[in-house]
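What follows is a short report on a single structure.
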Amino acid sequence: MSDIFREVDEDIRQEKYRRLWDRFGPWVIGVAVLIVIGTGGYRGWLYWQETQAQSAGDKFFEAVRLSEAENYQEAAALYGELESALGGYPALAKLRKATDLANSGEAADALAQFDALSRDASLTDALKDVAALRAGYLAVDSEDYTGVADRVERLTSDTGPFRAAARELLALSAWKSGEVETAQQWISSLEDDPETPAEVSQRVSLLSDVIRASGGAASPESEGTGQ
């Protein structure tokens with residue numbers, strides 16, 4: 001008798017399961033299919049990103065190789081192809097293009113590009129600071145102290161990673177522009193900073209010696225230009 005009850009119970013359970021499956025089975029299958037498709041799509045997207053990044057990296061380093069070989073036009077074409085690449089390659093390509101302009105003697109165009117990059121909201125603060133510093137190095141040969149200071153003085157805070165380079169550049173620019181006292185102030189700020197790199201300390205020490213030897217006079221360049 002108990003066997004009959006068990007069979008009846010089993011039939012009832014099977015009937016319940018069948019009804020549940022008839023009602024919810026298509027939804028279960030649909031969800032399973034979506035999971036499979038979603039997982040496959042996500043993995044495909046990751047693979048696409050990886051291959052795109054690898055391709056951009058290869059292209060960037062090939063462009064750098066061309067730049068170092070002074071094949072600037074060919075390099076510029078490759079840098080241009082990276083403008084829509086993933087990751088940080090578009091920004092790095094823009095910086096390298098501006099650097100190539102400077103290395104090829106087109107200082108004015110390079111300065112304009114570095115100035116634009118230093119204000120480019122799409123770049124990280126670190127890359128904008130690099131662009132500003134590069135602009136300062138170019139401007140020191142063509143503009144007065146104010147022009148250089150406008151670009152790099154914001155980099156001279158006590159915690160700024162580029163403060164030593166910016167302060168050295170300002171000291172040199174001030175001396176060239178005949179602003180000897182300002183130059184000495186920047187030299188002092190470098191001497192007082194324990195984190196000033198040794199090579200920077202050596203260079204500004206030489207500049208300080210030159211200023212003392214000249215009795216605090218302005219550089220011959222500034223005197224020659226009437227500054």
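Residues are referred to by chain and number: the chain letter is A, B, ... according to the order shown in the structure tokens, the number counts from 1 in that chain, and ligands are numbered separately from 1 in the order shown.
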
Could you give me, as CSV, every segment 91-149 of chain A residue with an atom at most 10 Å from segment 53-76 of chain A, plus its closest atom pair and distance in Å to one decimal, counting only C-alpha atoms, rows ordered by chain then number?
```
residue,atom,partner,partner_atom,distance
A:Leu92,CA,A:Phe60,CA,8.6
A:Ala93,CA,A:Phe60,CA,7.2
A:Lys94,CA,A:Ala76,CA,9.3
A:Arg96,CA,A:Val64,CA,7.8
A:Lys97,CA,A:Ala76,CA,6.2
A:Ala98,CA,A:Ala76,CA,9.6
A:Thr99,CA,A:Ser67,CA,9.2
A:Asp100,CA,A:Tyr72,CA,6.4
A:Leu101,CA,A:Tyr72,CA,8.1
A:Asn103,CA,A:Glu70,CA,8.5
A:Ser104,CA,A:Tyr72,CA,7.7
```

(request) Report the residues of segment 25-223 of chain A whose backbone DSSP state falls under helix (DSSP H, G or I), written as a PyMOL selection string. (result) chain A and resi 25-68+72-81+89-103+107-118+125-139+145-155+163-176+180-191+198-213+220-223

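Considering only C-alpha atoms, the residue among A:Pro194, A:Gly178, A:Gly87, A:Gly105 positioned nearest to Tyr145 of chain A is A:Gly178.
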
Give me the residues within 9 Å of Glu143 of chain A as an mmCIF file with N, CA, C and O atoms, in the first residue's frame, counting only C-alpha atoms and dropping any in the same chain fewer than 5 places off.
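Saved result, out.cif, follows:
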```cif
data_model
loop_
_atom_site.group_PDB
_atom_site.id
_atom_site.type_symbol
_atom_site.label_atom_id
_atom_site.label_comp_id
_atom_site.auth_asym_id
_atom_site.auth_seq_id
_atom_site.Cartn_x
_atom_site.Cartn_y
_atom_site.Cartn_z
ATOM 1 N N LEU A 138 61.588 75.628 -24.880
ATOM 2 C CA LEU A 138 61.643 76.276 -26.190
ATOM 3 C C LEU A 138 61.543 77.792 -26.059
ATOM 4 O O LEU A 138 62.242 78.538 -26.766
ATOM 5 N N VAL A 148 58.465 82.778 -20.231
ATOM 6 C CA VAL A 148 58.809 81.475 -19.668
ATOM 7 C C VAL A 148 58.045 81.244 -18.373
ATOM 8 O O VAL A 148 57.489 80.171 -18.140
ATOM 9 N N SER A 173 66.389 81.663 -17.392
ATOM 10 C CA SER A 173 65.648 82.661 -18.162
ATOM 11 C C SER A 173 65.761 84.040 -17.518
ATOM 12 O O SER A 173 65.931 85.053 -18.225
ATOM 13 N N SER A 177 67.445 87.331 -19.179
ATOM 14 C CA SER A 177 66.627 88.536 -19.364
ATOM 15 C C SER A 177 67.137 89.722 -18.537
ATOM 16 O O SER A 177 66.517 90.785 -18.546
#
```

(message) Given only C-alpha atoms as the basis, pick out the residue of A:Ala198, A:Ala102, A:Ala183, A:Ala91 nearest to Asp125 of chain A.
(response) A:Ala91

(message) Quick one: residues within 10 Å of Thr182 of chain A, only C-alpha atoms, excluding same-chain residues fewer than 5 positions away - as a ChimeraX atom specification?
(response) /A:145,170-175,187-188
